[in-house]
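Just below is one structure, and these are the notes that go with it.
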Protein chains: 2
Amino acid sequence: MDATPHILVIDDQRDIREPLGRYLEKQGLRVSLAAGAAEARELMRRQAIDLVILDVMMPGEDGLSLCRHLRESANMPVILLTAMAEDADRIVGLEVGADDYVVKPFNPRELLARVKAVLRRATSLPRSREAGADDRLAFDRWVFDLGRREVVGADGIALPLSAAEFRLLSAFVQRPRMVLSRDQLLDLTSGRDAQPFDRAIDNQISRLRKKLETDPKNPAIVKTVWGGGYVFAADVRPAP
Amino acid sequence: MDATPHILVIDDQRDIREPLGRYLEKQGLRVSLAAGAAEARELMRRQAIDLVILDVMMPGEDGLSLCRHLRESANMPVILLTAMAEDADRIVGLEVGADDYVVKPFNPRELLARVKAVLRRATSLPRSREAGADDRLAFDRWVFDLGRREVVGADGIALPLSAAEFRLLSAFVQRPRMVLSRDQLLDLTSGRDAQPFDRAIDNQISRLRKKLETDPKNPAIVKTVWGGGYVFAADVRPAP
DNA sequence: GCCCTTTTGCGACAGTCCGATACAATTTTC
DNA sequence: GAAAATTGTATCGGACTGTCGCAAAAGGGC
């Protein structure tokens with residue numbers, strides 16, 4: 001972390017948001033507060049945020065969809081606040097890929113510890129800090145647009161990706177030339193653990209290849225490592 | 001993670017350390033054991049360790065300071081074993097930089113799940129720039145692309161390599177003109193020890209020759225050293 | 001050179017892993 | 001709430017890899 005980490009607390013309840021903000025500031029963090037998703041987006045457009053603490057139960061735009069957007073478009077670290085532990089497991093694991101969660105009512109010291117833990121893990125990851133997240137990466141004959149969730153071909157025609165395909169391609173594009181096991185890919189895309197004979201990833205790979213590869217029978221972009229997993233074998237370079 | 005992950009268990013209590021080691025080995029992991037911090041440091045000097053399981057409550061050098069040292073100096077993944085579930089312990093554990101913790105008495109299956117989760121995340125962090133992974137090396141009439149996992153012939157046509165062939169060729173190309181025994185090759189390619197009459201390498205060599213050599217009966221690239229093993233006999237030079 | 005032992009080459013085979021299709025379950029959209 | 005799209009599961013055929021076995025080659029003693 002170059003300076004003091006900047007935390008954004010998003011909670012519609014003032015009596016949670018503000019004391020929590022004061023506590024985190026007292027612990028040496030920079031803090032911004034937002035009462036809703038819209039306000040949060042506006043804030044993030046103007047400021048570099050390192051981590052978001054987000055109450056999932058908010059009126060208006062669902063906290064979950066905001067979380068998903070943050071994770072997918074900007075790879076922003078997120079800690080969820082939730083009322084029930086069972087929900088939290090499901091949410092963190094299956095749906096949105098938050099980095100951690102804390103159940104309300106929470107112990108501030110524990111929340112702080114989790115913030116630090118997540119920041120430590122997150123700082124080794126490259127991250128597009130701008131809320132616009134209009135990063136574009138080029139590989140093979142494609143341009144991958146993280147903000148618009150699509151790949152654009154050489155002819156300029158956009159190829160729409162489904163949510164799972166987007167998450168899979170995101171995971172790959174950020175880790176070119178690394179062999180990723182099925183377990184890792186499942187964790188990166190769905191946050192869940194593999195079942196004994198889980199072939200879900202194989203299928204997603206197959207579908208992604210059908211869309212991206214010139215010759216899906218002889219893949220040149222996503223290659224299979226027999227007994228090991230898959231590799232993104234193409235060069236990845238930033239696109240204007 | 002070249003092959004099976006190597007776990008180091010550090011606990012002064014033999015009746016925890018040894019059963020746990022056996023359990024993890026039975027689950028397919030390589031395991032080393034240490035009774036204290038000094039022994040652990042010595043072990044790590046000689047072996048490549050992928051993850052440490054550490055009991056925080058040990059006499060002598062404090063487990064926590066060892067943990068901090070591991071995290072800071074080597075960025076080693078660490079799972080703590082702790083006696084008490086109190087918040088304080090968790091916080092200290094997380095602040096000290098452990099990746100996870102398990103409260104004693106623990107369920108071995110849960111510990112295994114956490115080991116796998118931590119390894120998964122540790123090995124799926126995007127690399128900054130791993131040496132060699134992007135290199136292209138030329139030998140004979142071939143160009144070997146480590147990143148794309150293929151060899152390209154003089155005609156520019158890529159020759160697909162299977163996973164085992166790729167690992168074998170990688171081992172050779174990084175050690176040209178060195179005689180490598182079957183044991184060494186097996187360790188380099190599969191990370192396993194040879195069985196009494198293990199001929200797996202012979203076969204892979206044969207298959208690799210069929211793909212690379214002009215005249216597989218008179219190999220010019222991978223030569224046999226009778227009674228010794230094999231040598232990569234071609235010049236290796238960087239390719240643009 | 002000849003014979004014997006040791007070592008290596010390689011075709012054949014079986015177990016495991018993977019690709020693709022079909023289909024069922026789930027989620028999203030209208 | 002039904003239709004459509006997306007996503008997970010089952011299954012079959014093909015590819016990869018280790019083991020086996022036998023023939024060929026290399027080395028050593030004579």
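Chain labels A, B, ... are given in the sequence in which chains occur in the structure tokens; within each chain residues are numbered consecutively from 1, and ligands are likewise numbered from 1 in the order shown.
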
RMSD after least-squares fit, chain B onto chain A [all C-alpha atoms, in order]: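 Here the C-alpha RMSD works out to 15.7 Å.
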
At a cut-off of 12 Å, can you tabulate as JSON lines every residue of chain D near chain B together with its closest atom pair and the distance in Å to one decimal, using only C-alpha atoms (C1' of nucleotides) and ordering rows by chain then number?
{"residue": "D:DA15", "atom": "C1'", "partner": "B:Ser162", "partner_atom": "CA", "distance": 9.7}
{"residue": "D:DC16", "atom": "C1'", "partner": "B:Ser162", "partner_atom": "CA", "distance": 7.4}
{"residue": "D:DT17", "atom": "C1'", "partner": "B:Ala164", "partner_atom": "CA", "distance": 8.0}
{"residue": "D:DG18", "atom": "C1'", "partner": "B:Ala200", "partner_atom": "CA", "distance": 5.9}
{"residue": "D:DT19", "atom": "C1'", "partner": "B:Ala200", "partner_atom": "CA", "distance": 8.0}
{"residue": "D:DC20", "atom": "C1'", "partner": "B:Arg199", "partner_atom": "CA", "distance": 9.9}
{"residue": "D:DA24", "atom": "C1'", "partner": "B:Lys217", "partner_atom": "CA", "distance": 12.0}
{"residue": "D:DA25", "atom": "C1'", "partner": "B:Trp226", "partner_atom": "CA", "distance": 10.2}
{"residue": "D:DA26", "atom": "C1'", "partner": "B:Trp226", "partner_atom": "CA", "distance": 7.6}
{"residue": "D:DG27", "atom": "C1'", "partner": "B:Trp226", "partner_atom": "CA", "distance": 9.3}

Just the selected residues (C-alpha atoms (C1' of nucleotides)), exported as a short mmCIF file (atom, residue, chain, number, x, y, z; two decimals), in the first residue's frame, please.
data_model
loop_
_atom_site.label_atom_id
_atom_site.label_comp_id
_atom_site.auth_asym_id
_atom_site.auth_seq_id
_atom_site.Cartn_x
_atom_site.Cartn_y
_atom_site.Cartn_z
"C1'" DA D 15 -6.19 -38.72 -26.19
"C1'" DC D 16 -2.43 -39.08 -22.80
"C1'" DT D 17 0.59 -41.64 -19.84
"C1'" DG D 18 2.50 -45.36 -17.05
"C1'" DT D 19 3.43 -50.40 -17.14
"C1'" DC D 20 4.68 -54.64 -19.34
"C1'" DA D 24 17.80 -54.86 -29.96
"C1'" DA D 25 21.98 -52.64 -28.53
"C1'" DA D 26 26.00 -51.88 -25.54
"C1'" DG D 27 29.54 -53.36 -22.53
#

Filtered DSSP result for range 100-210 of chain B, state strand (DSSP E), as a PyMOL selection string: chain B and resi 100-103+136-139+142-145+150-152+158-160+179-180

Compile the residues of chain C that lie within 10 Å of chain B, evaluated using only C-alpha atoms (C1' of nucleotides), and express the compilation as a short mmCIF file (atom, residue, chain, number, x, y, z; two decimals) with N, CA and C atoms (P, O5', C5', C4', C3', O3' and C1' of nucleotides), in the first residue's frame.
data_model
loop_
_atom_site.label_atom_id
_atom_site.label_comp_id
_atom_site.auth_asym_id
_atom_site.auth_seq_id
_atom_site.Cartn_x
_atom_site.Cartn_y
_atom_site.Cartn_z
P DT C 6 23.21 -58.99 -14.74
"O5'" DT C 6 23.14 -57.55 -15.43
"C5'" DT C 6 24.35 -56.79 -15.56
"C4'" DT C 6 24.09 -55.57 -16.43
"C3'" DT C 6 22.85 -54.76 -16.02
"O3'" DT C 6 23.24 -53.40 -15.85
"C1'" DT C 6 22.83 -55.22 -18.35
P DT C 7 22.22 -52.32 -15.35
"O5'" DT C 7 21.77 -51.61 -16.70
"C5'" DT C 7 22.79 -51.11 -17.56
"C4'" DT C 7 22.17 -50.70 -18.87
"C3'" DT C 7 20.95 -49.79 -18.77
"O3'" DT C 7 21.23 -48.57 -19.42
"C1'" DT C 7 20.58 -51.52 -20.33
P DT C 8 20.17 -47.38 -19.42
"O5'" DT C 8 19.47 -47.58 -20.83
"C5'" DT C 8 20.25 -47.48 -22.01
"C4'" DT C 8 19.43 -47.86 -23.22
"C3'" DT C 8 18.17 -47.00 -23.45
"O3'" DT C 8 18.25 -46.43 -24.74
"C1'" DT C 8 17.68 -49.30 -23.66
P DG C 9 17.10 -45.51 -25.29
"O5'" DG C 9 16.29 -46.51 -26.24
"C5'" DG C 9 16.89 -46.98 -27.43
"C4'" DG C 9 15.85 -47.62 -28.33
"C3'" DG C 9 14.61 -46.76 -28.60
"O3'" DG C 9 14.25 -46.94 -29.97
"C1'" DG C 9 13.94 -48.79 -27.54
P DC C 10 13.10 -46.06 -30.59
"O5'" DC C 10 11.82 -46.98 -30.39
"C5'" DC C 10 11.82 -48.30 -30.92
"C4'" DC C 10 10.54 -49.00 -30.51
"C3'" DC C 10 9.28 -48.12 -30.51
"O3'" DC C 10 8.22 -48.88 -31.07
"C1'" DC C 10 9.44 -49.22 -28.49
#

Pairwise distance for CA of Leu33 in chain A and CA of Phe106 in chain A, rounded to one decimal in Å: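 It comes out at 18.1 Å.
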
Exercise answer, chain A residues close to chain B, 7 Å and only C-alpha atoms, as a list in words: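 So the residues of chain A near chain B are Glu110, Ala113, Ala117, Leu125, Gln174, Arg175, Arg177, Leu180, Gln184, Val225, Trp226, Ala233 and Ala234 of chain A.
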
Please, could you write that set of residues out with C-alpha atoms as a JSON list (two decimals), in the first residue's frame?
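Listed below is the output, again28.json:
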[["chain", "number", "residue", "atom", "x", "y", "z"],
["A", 110, "GLU", "CA", -12.62, -8.38, 14.22],
["A", 113, "ALA", "CA", -8.56, -7.59, 11.38],
["A", 117, "ALA", "CA", -6.15, -9.40, 6.00],
["A", 125, "LEU", "CA", -3.11, -8.18, -7.15],
["A", 174, "GLN", "CA", -5.23, -11.57, -15.49],
["A", 175, "ARG", "CA", -3.05, -14.68, -15.27],
["A", 177, "ARG", "CA", 0.64, -18.28, -19.08],
["A", 180, "LEU", "CA", -4.68, -22.97, -13.45],
["A", 184, "GLN", "CA", -8.49, -22.71, -8.89],
["A", 225, "VAL", "CA", -2.58, -29.11, -19.58],
["A", 226, "TRP", "CA", -3.28, -32.80, -19.24],
["A", 233, "ALA", "CA", -1.43, -19.16, -23.83],
["A", 234, "ALA", "CA", -1.87, -15.91, -25.77]]

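Close contacts of DG29 in chain D, defined as residues with an atom at most 12 Å away when counting only C-alpha atoms (C1' of nucleotides), with chain neighbours fewer than 2 positions off set aside, comprise DC2, DC3, DC4 and DT5 of chain C; DG27 of chain D.
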
DA4 in chain D environment, 10 Å, only C-alpha atoms (C1' of nucleotides), sequence neighbours closer than 6 positions dropped, as a compact mmCIF listing (two decimals) with C-alpha atoms (C1' of nucleotides), in the first residue's frame:
# COMPACT_ATOMS: atom_id res chain seq x y z
C1' DT C 28 -33.09 -14.36 -16.62
C1' DT C 29 -36.20 -11.94 -19.68
C1' DC C 30 -40.26 -10.37 -21.40
